[in-house]
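Text of coords_36.txt, listed as compact mmCIF, C-alpha atoms and all ligand atoms:
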```txt
# COMPACT_ATOMS: atom_id res chain seq x y z
CA MET E 197 -2.52 -5.88 0.26
CA ASN E 198 0.66 -3.86 0.68
CA GLY E 199 -0.95 -0.44 0.83
CA ASP E 200 0.67 0.94 -2.31
CA SER E 201 -1.68 2.79 -4.58
CA LEU E 202 -1.37 4.52 -7.91
CA VAL E 203 -3.15 7.80 -8.66
CA ILE E 204 -4.31 8.04 -12.26
CA GLY E 205 -6.53 10.31 -14.31
CA GLN E 206 -6.70 12.66 -17.24
CA THR E 207 -4.28 15.54 -17.27
CA ASN E 208 -5.44 18.46 -15.09
CA ALA E 209 -7.90 16.31 -13.09
CA GLY E 210 -6.06 17.29 -9.88
CA LYS E 211 -3.92 14.21 -9.12
CA THR E 212 -0.90 16.13 -7.81
CA SER E 213 -3.13 18.55 -5.90
CA PHE E 214 -4.85 15.54 -4.31
CA CYS E 215 -1.55 13.95 -3.23
CA LEU E 216 -0.22 17.17 -1.71
CA ARG E 217 -3.50 17.96 0.01
CA PHE E 218 -3.61 14.45 1.43
CA ALA E 219 -0.13 14.93 2.90
CA ARG E 220 -1.29 18.24 4.41
CA PHE E 221 -4.45 16.61 5.78
CA LEU E 222 -2.27 14.00 7.50
CA GLY E 223 -0.33 16.79 9.18
CA LEU E 224 2.96 16.28 7.33
CA ARG E 225 5.23 19.29 7.16
CA GLU E 226 7.97 17.62 5.18
CA LEU E 227 7.46 15.47 2.14
CA GLN E 228 9.49 12.37 1.47
CA TRP E 229 9.18 10.92 -1.92
CA MET E 230 10.82 8.80 -4.55
CA VAL E 231 10.86 10.14 -8.07
CA GLU E 232 11.16 7.66 -10.91
CA ARG E 233 12.31 9.45 -14.03
CA THR E 234 11.20 8.25 -17.45
CA ASP E 235 14.71 6.85 -18.04
CA GLY E 236 14.15 4.55 -15.06
CA VAL E 237 16.53 6.37 -12.67
CA ARG E 238 15.12 6.71 -9.16
CA GLU E 239 15.87 9.58 -6.83
CA ARG E 240 14.84 10.14 -3.23
CA ARG E 241 13.73 13.67 -2.47
CA ARG E 242 12.82 15.54 0.69
CA MET E 243 11.21 18.95 0.77
CA PRO E 244 8.98 21.08 2.98
CA LEU E 245 5.38 20.54 1.91
CA SER E 246 4.86 24.26 1.29
CA GLU E 247 7.74 24.26 -1.20
CA ALA E 248 6.37 21.16 -2.96
CA GLU E 249 2.97 22.83 -3.27
CA GLN E 250 4.52 25.76 -5.12
CA LEU E 251 6.70 23.55 -7.28
CA LEU E 252 4.52 20.62 -8.24
CA SER E 253 1.06 21.90 -8.97
CA SER E 254 0.19 24.62 -11.42
CA GLY E 255 -2.52 25.31 -13.95
CA ASP E 256 -0.52 23.94 -16.89
CA PRO E 257 -1.68 20.64 -18.33
CA HIS E 258 0.95 17.86 -18.37
CA ARG E 259 2.63 19.36 -15.35
CA THR E 260 3.65 15.99 -13.87
CA ARG E 261 6.19 14.18 -16.03
CA GLU E 262 7.59 11.54 -13.67
CA LEU E 263 6.21 9.00 -11.23
CA GLN E 264 6.28 10.63 -7.81
CA THR E 265 5.83 8.24 -4.92
CA LEU E 266 4.90 9.85 -1.62
CA PHE E 267 5.69 8.04 1.62
CA LEU E 268 2.95 8.56 4.16
CA PRO E 269 3.37 7.31 7.72
CA VAL E 270 0.40 5.38 9.14
CA PRO E 271 0.36 4.95 12.92
CA ARG E 272 0.13 1.22 13.68
CA GLY E 273 0.92 0.21 17.25
CA LYS E 274 4.38 1.27 18.31
CA ALA E 275 5.96 1.41 14.87
CA ASP E 276 4.58 3.45 11.99
CA ARG E 277 3.87 1.73 8.71
CA MET E 278 4.40 3.50 5.41
CA VAL E 279 1.75 3.88 2.76
CA LYS E 280 3.02 4.68 -0.68
CA VAL E 281 0.88 6.82 -2.94
CA THR E 282 2.23 7.31 -6.45
CA ASP E 283 1.26 10.37 -8.47
CA SER E 284 1.48 9.78 -12.22
CA ALA E 285 1.57 11.86 -15.39
CA GLY E 286 -1.96 12.54 -16.64
CA LEU E 287 -3.22 10.91 -19.79
CA ALA E 288 -4.59 12.78 -22.78
CA ASP E 289 -5.87 11.95 -26.26
CA GLY E 290 -3.68 11.86 -29.33
CA LEU E 291 0.05 11.92 -29.82
CA HIS E 292 1.48 14.84 -27.85
CA GLN E 293 4.06 16.92 -29.72
CA ASP E 294 6.47 17.02 -26.78
CA PRO E 295 8.46 13.75 -26.48
CA THR E 296 8.90 14.16 -22.69
CA VAL E 297 5.12 14.23 -22.29
CA ARG E 298 4.79 11.15 -24.52
CA LYS E 299 7.41 9.32 -22.45
CA ALA E 300 5.69 10.33 -19.22
CA MET E 301 2.34 9.01 -20.47
CA ALA E 302 3.98 5.73 -21.51
CA GLN E 303 5.48 5.47 -18.02
CA THR E 304 1.99 5.96 -16.51
CA LEU E 305 0.60 3.19 -18.72
CA ARG E 306 3.35 0.80 -17.63
CA SER E 307 2.76 1.54 -13.96
CA MET E 308 -1.00 1.00 -14.43
CA VAL E 309 -0.34 -2.55 -15.53
CA ASP E 310 1.51 -3.32 -12.27
CA ALA E 311 -0.68 -1.39 -9.83
CA LYS E 312 -2.78 -3.36 -7.35
CA ALA E 313 -4.74 -0.47 -5.86
CA ILE E 314 -5.91 2.36 -8.08
CA ILE E 315 -7.14 5.84 -7.18
CA HIS E 316 -8.81 7.34 -10.23
CA VAL E 317 -9.19 11.13 -10.10
CA ILE E 318 -11.91 12.69 -12.25
CA ASP E 319 -12.70 16.40 -12.63
CA ALA E 320 -16.36 16.37 -11.55
CA ALA E 321 -16.74 20.06 -12.40
CA MET E 322 -15.75 19.41 -16.00
CA ILE E 323 -18.29 16.58 -16.26
CA GLY E 324 -20.93 18.95 -14.86
CA GLN E 325 -20.01 21.57 -17.44
CA GLU E 326 -20.18 19.06 -20.26
CA LEU E 327 -23.58 17.88 -19.03
CA HIS E 328 -24.85 21.48 -19.03
CA ALA E 329 -23.54 22.04 -22.54
CA MET E 330 -25.48 19.03 -23.88
CA ARG E 331 -28.95 20.38 -24.33
CA ASP E 332 -29.56 18.72 -27.66
CA GLY E 333 -30.89 15.47 -26.23
CA LYS E 334 -27.68 13.53 -26.82
CA THR E 335 -26.62 11.20 -24.03
CA PHE E 336 -23.50 12.15 -22.15
CA ARG E 337 -20.69 9.63 -22.35
CA LEU E 338 -17.68 9.31 -20.11
CA HIS E 339 -14.45 10.25 -21.85
CA ALA E 340 -12.87 7.22 -23.55
CA LEU E 341 -9.70 7.54 -21.45
CA ASP E 342 -11.67 7.47 -18.20
CA GLU E 343 -13.62 4.51 -19.58
CA GLN E 344 -10.33 2.64 -20.08
CA MET E 345 -9.14 3.57 -16.60
CA LEU E 346 -12.44 2.32 -15.16
CA ALA E 347 -12.03 -1.01 -16.99
CA LEU E 348 -8.53 -1.37 -15.58
CA GLY E 349 -9.65 -0.36 -12.09
CA ARG E 350 -12.43 -2.94 -12.08
CA SER E 351 -9.87 -5.65 -12.73
CA ARG E 352 -7.88 -4.70 -9.60
CA SER E 353 -8.50 -5.73 -6.02
CA ALA E 354 -8.86 -2.13 -4.87
CA TYR E 355 -10.28 0.73 -6.92
CA ILE E 356 -11.76 4.08 -5.97
CA VAL E 357 -12.91 7.12 -7.92
CA LEU E 358 -12.27 10.59 -6.51
CA ALA E 359 -14.77 13.12 -7.87
CA ASN E 360 -12.56 16.21 -7.56
CA LYS E 361 -13.11 19.98 -7.70
CA MET E 362 -16.31 19.78 -5.61
CA ASP E 363 -15.76 23.42 -4.62
CA LEU E 364 -16.86 24.45 -8.14
CA PRO E 365 -20.62 24.86 -8.76
CA SER E 366 -20.93 22.50 -11.75
CA ALA E 367 -19.30 19.64 -9.82
CA LYS E 368 -22.57 18.75 -8.03
CA ASP E 369 -24.20 17.58 -11.25
CA GLY E 370 -20.97 15.89 -12.27
CA LEU E 371 -20.93 13.96 -8.99
CA ARG E 372 -24.58 12.90 -9.39
CA TRP E 373 -23.78 11.53 -12.82
CA LEU E 374 -20.62 9.75 -11.64
CA LYS E 375 -22.48 8.10 -8.76
CA GLN E 376 -25.06 6.74 -11.17
CA TYR E 377 -22.47 5.51 -13.60
CA PHE E 378 -19.98 3.94 -11.20
CA ASP E 379 -20.88 1.84 -8.19
CA LYS E 380 -22.07 4.48 -5.75
CA GLU E 381 -19.81 3.39 -2.93
CA LYS E 382 -16.76 3.65 -5.18
CA VAL E 383 -17.08 7.43 -5.63
CA ILE E 384 -15.71 9.82 -2.99
CA PRO E 385 -16.38 13.54 -3.56
CA ILE E 386 -13.37 15.70 -2.67
CA SER E 387 -11.96 19.14 -3.20
CA ALA E 388 -8.20 18.99 -3.36
CA ARG E 389 -8.26 22.79 -3.26
CA GLU E 390 -10.32 23.14 -0.09
CA GLY E 391 -9.49 19.83 1.56
CA SER E 392 -13.00 18.36 1.78
CA GLY E 393 -13.65 14.60 1.62
CA PHE E 394 -10.26 13.59 3.01
CA HIS E 395 -11.52 11.73 6.09
CA GLU E 396 -13.13 9.20 3.79
CA VAL E 397 -10.06 8.99 1.57
CA LYS E 398 -7.95 8.31 4.64
CA ARG E 399 -10.29 5.54 5.78
CA TYR E 400 -10.03 3.95 2.36
CA VAL E 401 -6.24 4.22 2.05
CA TRP E 402 -5.65 2.98 5.62
CA ARG E 403 -7.73 -0.11 4.88
CA LEU E 404 -5.17 -1.06 2.25
CA VAL E 405 -2.35 -1.37 4.77
N1 LIG Z 1 -11.23 24.51 -8.14
C1 LIG Z 1 -10.40 23.48 -7.97
N2 LIG Z 1 -9.28 23.38 -8.72
C2 LIG Z 1 -8.47 22.32 -8.52
C3 LIG Z 1 -8.76 21.31 -7.56
N3 LIG Z 1 -7.77 20.38 -7.63
C4 LIG Z 1 -6.90 20.80 -8.57
N4 LIG Z 1 -7.32 21.98 -9.10
C5 LIG Z 1 -6.64 22.78 -10.14
O1 LIG Z 1 -6.57 22.01 -11.32
C6 LIG Z 1 -5.33 22.26 -12.01
C7 LIG Z 1 -4.59 20.95 -12.23
O2 LIG Z 1 -4.19 20.43 -10.98
P1 LIG Z 1 -3.02 19.35 -10.87
O3 LIG Z 1 -3.07 18.84 -9.48
O4 LIG Z 1 -1.75 19.91 -11.37
O5 LIG Z 1 -3.57 18.26 -11.90
P2 LIG Z 1 -2.88 16.90 -12.37
O6 LIG Z 1 -3.99 15.91 -12.51
O7 LIG Z 1 -1.77 16.54 -11.45
O8 LIG Z 1 -2.34 17.30 -13.80
P3 LIG Z 1 -1.14 16.61 -14.67
O9 LIG Z 1 0.05 16.47 -13.79
O10 LIG Z 1 -0.93 17.58 -15.78
O11 LIG Z 1 -1.68 15.31 -15.15
C8 LIG Z 1 -4.57 23.26 -11.14
O12 LIG Z 1 -4.82 24.56 -11.63
C9 LIG Z 1 -5.19 23.09 -9.77
O13 LIG Z 1 -5.11 24.24 -8.97
C10 LIG Z 1 -9.96 21.44 -6.78
O14 LIG Z 1 -10.31 20.63 -5.93
N5 LIG Z 1 -10.74 22.54 -7.04
MG MG Z 2 0.19 16.23 -11.78
```

Now, as a test, write the supplied structure out as structure tokens.
Ligand SMILES: Nc1nc2c(ncn2[C@@H]2O[C@H](COP(=O)(O)OP(=O)(O)OP(=O)(O)O)[C@@H](O)[C@H]2O)c(=O)[nH]1
Ligand SMILES: [Mg+2]
Amino acid sequence: MNGDSLVIGQTNAGKTSFCLRFARFLGLRELQWMVERTDGVRERRRMPLSEAEQLLSSGDPHRTRELQTLFLPVPRGKADRMVKVTDSAGLADGLHQDPTVRKAMAQTLRSMVDAKAIIHVIDAAMIGQELHAMRDGKTFRLHALDEQMLALGRSRSAYIVLANKMDLPSAKDGLRWLKQYFDKEKVIPISAREGSGFHEVKRYVWRLV
């Protein structure tokens, strides 16, 4: 396994927040990444992490519109190895009116086909909210897009689900449901906002190298 992993999920699940928080957790002050635009052009970028945090993550859906590969140094003996974690544009239902968003989603789908290791981010708080809203006896079902991502993940040699937004109250019930639905050991609860759960994420990602 070459340690490269692709971060996927619905739009707004917290993929970019996860990547930036992971870099912070690892003690990086400066971010090195490769951006692959939807026209295929690749650009190397360097930026202080604090600047990237302001620039890359906001409350708007469809914020990420390019593949952003972060280079993370892993100490291995005398020479560091690099782990690559690629943040992708979030998926959403329907045909989006903005062509750049459509192109970005198509780029995510293409990269999903090639990815060996997949990190699937799910908003556990949203699942919890949806569970609470269903008081009419209907059974809760995972969103069709997440279902597709799960099917793809299962076909890969490495697959993990990050139950994100654990700092929000409804996320507890969301996590309980996710752990029942997925293999329990595949689900890591995290809060990209507060930085919880990252020791386990690190253990998982380092195993890939
Ligand atoms: N409360 C809480 N909010 C979070 C957490 N992680 C992300 N968010 C918020 O969720 C929103 C979306 O976060 P992003 O990281 O931009 O989500 P994304 O999955 O990259 O979204 P796209 O790029 O649009 O696909 C932002 O308002 C974040 O601040 C978390 O752990 N807890
Ligand atoms: Mg994003």

Item to check | Environment of ligand LIG 1 (chain Z) within 6 Å, counting only C-alpha atoms and all ligand atoms, reported as a PyMOL selection string | outcome: chain E and resi 207-213+253-255+257-260+285-286+360-361+363-364+387-389

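The space between atom CA of Lys375 of chain E and atom CA of Ile318 of chain E spans 12.0 Å.
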
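Residues in contact with Leu371 of chain E at 9 Å, where only C-alpha atoms are counted and same-chain residues fewer than 4 positions away are skipped, are listed as Ala320, Ala321, Ile323, Gly324, Ala359, Asn360, Met362, Ser366, Ala367, Lys375, Gln376, Val383, Ile384 and Pro385 of chain E.
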
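Note that atom CA of Ser284 of chain E and atom CA of Ala302 of chain E are 10.4 Å apart.
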
Item to check | Residues within 12 Å of segment 329-338 of chain E, only C-alpha atoms, excluding chain neighbours under 3 positions, as a ChimeraX atom specification | outcome: /E:206,318-320,322-326,341-346,366,370,373-374,376-378

Checklist entry - From the set E:Ser246, E:Thr296, E:Thr234, E:Ser353, which residue has the shortest atom-to-atom contact distance to Asp200 of chain E, counting all atoms listed in the file? => result E:Ser353

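Distance-wise, atom CA of Leu287 of chain E and atom CA of Met301 of chain E end up 5.9 Å apart.
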
Item to check | Minimum-distance residue to Met243 of chain E, chosen among E:Ala311, E:Leu227, E:Leu327, E:Val270 (using all atoms listed in the file) | outcome: E:Leu227

Could you work out an axis-aligned bounding box for all listed atoms of segment 288-300 of chain E, with 5 Å added on each of the six sides, and give its centre and edge lengths in Å to one decimal, as JSON?
```
{"center_x": 1.5, "center_y": 13.2, "center_z": -24.5, "size_x": 24.8, "size_y": 17.7, "size_z": 20.6}
```

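Proximity to Thr304 of chain E was assessed for E:Val203, E:Val281, E:Ala275, E:Val397 counting only C-alpha atoms; the smallest distance is recorded for E:Val203.
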
Item to check | Protein, DNA and RNA residues within 10 Å of (0.0, -0.1, -13.4), all atoms listed in the file, as an MDAnalysis selection string | outcome: chainID E and resid 201:204 303:314 348:349 352

Excluding same-chain residues fewer than 4 positions from Phe221 of chain E, what lies within 8 Å of it counting only C-alpha atoms, as a short mmCIF file (atom, residue, chain, number, x, y, z; two decimals) with C-alpha atoms, keeping the file's coordinate frame?
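What ended up in part10.cif:
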```cif
data_model
loop_
_atom_site.label_atom_id
_atom_site.label_comp_id
_atom_site.auth_asym_id
_atom_site.auth_seq_id
_atom_site.Cartn_x
_atom_site.Cartn_y
_atom_site.Cartn_z
CA ARG E 217 -3.50 17.96 0.01
CA GLY E 391 -9.49 19.83 1.56
CA PHE E 394 -10.26 13.59 3.01
#
```

Complete segment 347-358 of chain E with all heavy atoms (output as a JSON list (two decimals), keeping the file's coordinate frame).
```
[["chain", "number", "residue", "atom", "x", "y", "z"],
["E", 347, "ALA", "N", -12.14, 0.42, -16.66],
["E", 347, "ALA", "CA", -12.03, -1.01, -16.99],
["E", 347, "ALA", "C", -10.83, -1.62, -16.27],
["E", 347, "ALA", "O", -10.91, -2.70, -15.70],
["E", 347, "ALA", "CB", -11.90, -1.19, -18.50],
["E", 348, "LEU", "N", -9.73, -0.87, -16.27],
["E", 348, "LEU", "CA", -8.53, -1.37, -15.58],
["E", 348, "LEU", "C", -8.78, -1.45, -14.08],
["E", 348, "LEU", "O", -8.46, -2.44, -13.43],
["E", 348, "LEU", "CB", -7.37, -0.42, -15.86],
["E", 348, "LEU", "CG", -6.08, -0.84, -15.17],
["E", 348, "LEU", "CD1", -5.22, -1.64, -16.13],
["E", 348, "LEU", "CD2", -5.32, 0.36, -14.66],
["E", 349, "GLY", "N", -9.39, -0.40, -13.53],
["E", 349, "GLY", "CA", -9.65, -0.36, -12.09],
["E", 349, "GLY", "C", -10.51, -1.52, -11.64],
["E", 349, "GLY", "O", -10.26, -2.12, -10.59],
["E", 350, "ARG", "N", -11.52, -1.85, -12.45],
["E", 350, "ARG", "CA", -12.43, -2.94, -12.08],
["E", 350, "ARG", "C", -11.72, -4.28, -12.00],
["E", 350, "ARG", "O", -12.18, -5.19, -11.34],
["E", 350, "ARG", "CB", -13.57, -3.03, -13.09],
["E", 350, "ARG", "CG", -14.63, -2.00, -12.82],
["E", 350, "ARG", "CD", -15.89, -2.34, -13.58],
["E", 350, "ARG", "NE", -16.98, -1.47, -13.16],
["E", 350, "ARG", "CZ", -17.82, -0.89, -13.99],
["E", 350, "ARG", "NH1", -17.73, -1.08, -15.28],
["E", 350, "ARG", "NH2", -18.78, -0.12, -13.51],
["E", 351, "SER", "N", -10.60, -4.38, -12.72],
["E", 351, "SER", "CA", -9.87, -5.65, -12.73],
["E", 351, "SER", "C", -8.90, -5.75, -11.54],
["E", 351, "SER", "O", -8.21, -6.74, -11.40],
["E", 351, "SER", "CB", -9.12, -5.81, -14.05],
["E", 351, "SER", "OG", -8.03, -4.91, -14.06],
["E", 352, "ARG", "N", -8.82, -4.71, -10.73],
["E", 352, "ARG", "CA", -7.88, -4.70, -9.60],
["E", 352, "ARG", "C", -8.62, -4.96, -8.29],
["E", 352, "ARG", "O", -9.83, -4.73, -8.19],
["E", 352, "ARG", "CB", -7.16, -3.33, -9.50],
["E", 352, "ARG", "CG", -6.34, -3.03, -10.71],
["E", 352, "ARG", "CD", -5.36, -4.17, -10.97],
["E", 352, "ARG", "NE", -5.33, -4.49, -12.38],
["E", 352, "ARG", "CZ", -4.35, -4.19, -13.19],
["E", 352, "ARG", "NH1", -3.28, -3.59, -12.72],
["E", 352, "ARG", "NH2", -4.41, -4.51, -14.46],
["E", 353, "SER", "N", -7.84, -5.39, -7.28],
["E", 353, "SER", "CA", -8.50, -5.73, -6.02],
["E", 353, "SER", "C", -9.00, -4.48, -5.29],
["E", 353, "SER", "O", -9.93, -4.56, -4.50],
["E", 353, "SER", "CB", -7.55, -6.52, -5.14],
["E", 353, "SER", "OG", -6.31, -5.87, -5.09],
["E", 354, "ALA", "N", -8.41, -3.34, -5.53],
["E", 354, "ALA", "CA", -8.86, -2.13, -4.87],
["E", 354, "ALA", "C", -8.93, -1.00, -5.89],
["E", 354, "ALA", "O", -7.97, -0.75, -6.63],
["E", 354, "ALA", "CB", -7.92, -1.76, -3.73],
["E", 355, "TYR", "N", -10.08, -0.34, -5.93],
["E", 355, "TYR", "CA", -10.28, 0.73, -6.92],
["E", 355, "TYR", "C", -11.26, 1.76, -6.35],
["E", 355, "TYR", "O", -12.29, 1.39, -5.80],
["E", 355, "TYR", "CB", -10.87, 0.13, -8.20],
["E", 355, "TYR", "CG", -11.26, 1.13, -9.26],
["E", 355, "TYR", "CD1", -10.32, 1.97, -9.84],
["E", 355, "TYR", "CD2", -12.58, 1.23, -9.69],
["E", 355, "TYR", "CE1", -10.69, 2.88, -10.82],
["E", 355, "TYR", "CE2", -12.96, 2.13, -10.67],
["E", 355, "TYR", "CZ", -12.00, 2.96, -11.24],
["E", 355, "TYR", "OH", -12.35, 3.87, -12.20],
["E", 356, "ILE", "N", -10.88, 3.01, -6.47],
["E", 356, "ILE", "CA", -11.76, 4.08, -5.97],
["E", 356, "ILE", "C", -11.72, 5.25, -6.96],
["E", 356, "ILE", "O", -10.70, 5.48, -7.60],
["E", 356, "ILE", "CB", -11.31, 4.52, -4.55],
["E", 356, "ILE", "CG1", -12.44, 5.21, -3.81],
["E", 356, "ILE", "CG2", -10.09, 5.40, -4.55],
["E", 356, "ILE", "CD1", -13.35, 4.29, -3.10],
["E", 357, "VAL", "N", -12.86, 5.94, -7.05],
["E", 357, "VAL", "CA", -12.91, 7.12, -7.92],
["E", 357, "VAL", "C", -13.02, 8.36, -7.02],
["E", 357, "VAL", "O", -13.87, 8.40, -6.13],
["E", 357, "VAL", "CB", -14.15, 7.07, -8.84],
["E", 357, "VAL", "CG1", -14.30, 8.37, -9.62],
["E", 357, "VAL", "CG2", -14.05, 5.89, -9.79],
["E", 358, "LEU", "N", -12.15, 9.33, -7.23],
["E", 358, "LEU", "CA", -12.27, 10.59, -6.51],
["E", 358, "LEU", "C", -12.89, 11.62, -7.45],
["E", 358, "LEU", "O", -12.31, 11.95, -8.49],
["E", 358, "LEU", "CB", -10.89, 11.09, -6.04],
["E", 358, "LEU", "CG", -10.12, 10.16, -5.10],
["E", 358, "LEU", "CD1", -8.82, 10.83, -4.65],
["E", 358, "LEU", "CD2", -10.95, 9.77, -3.89]]
```
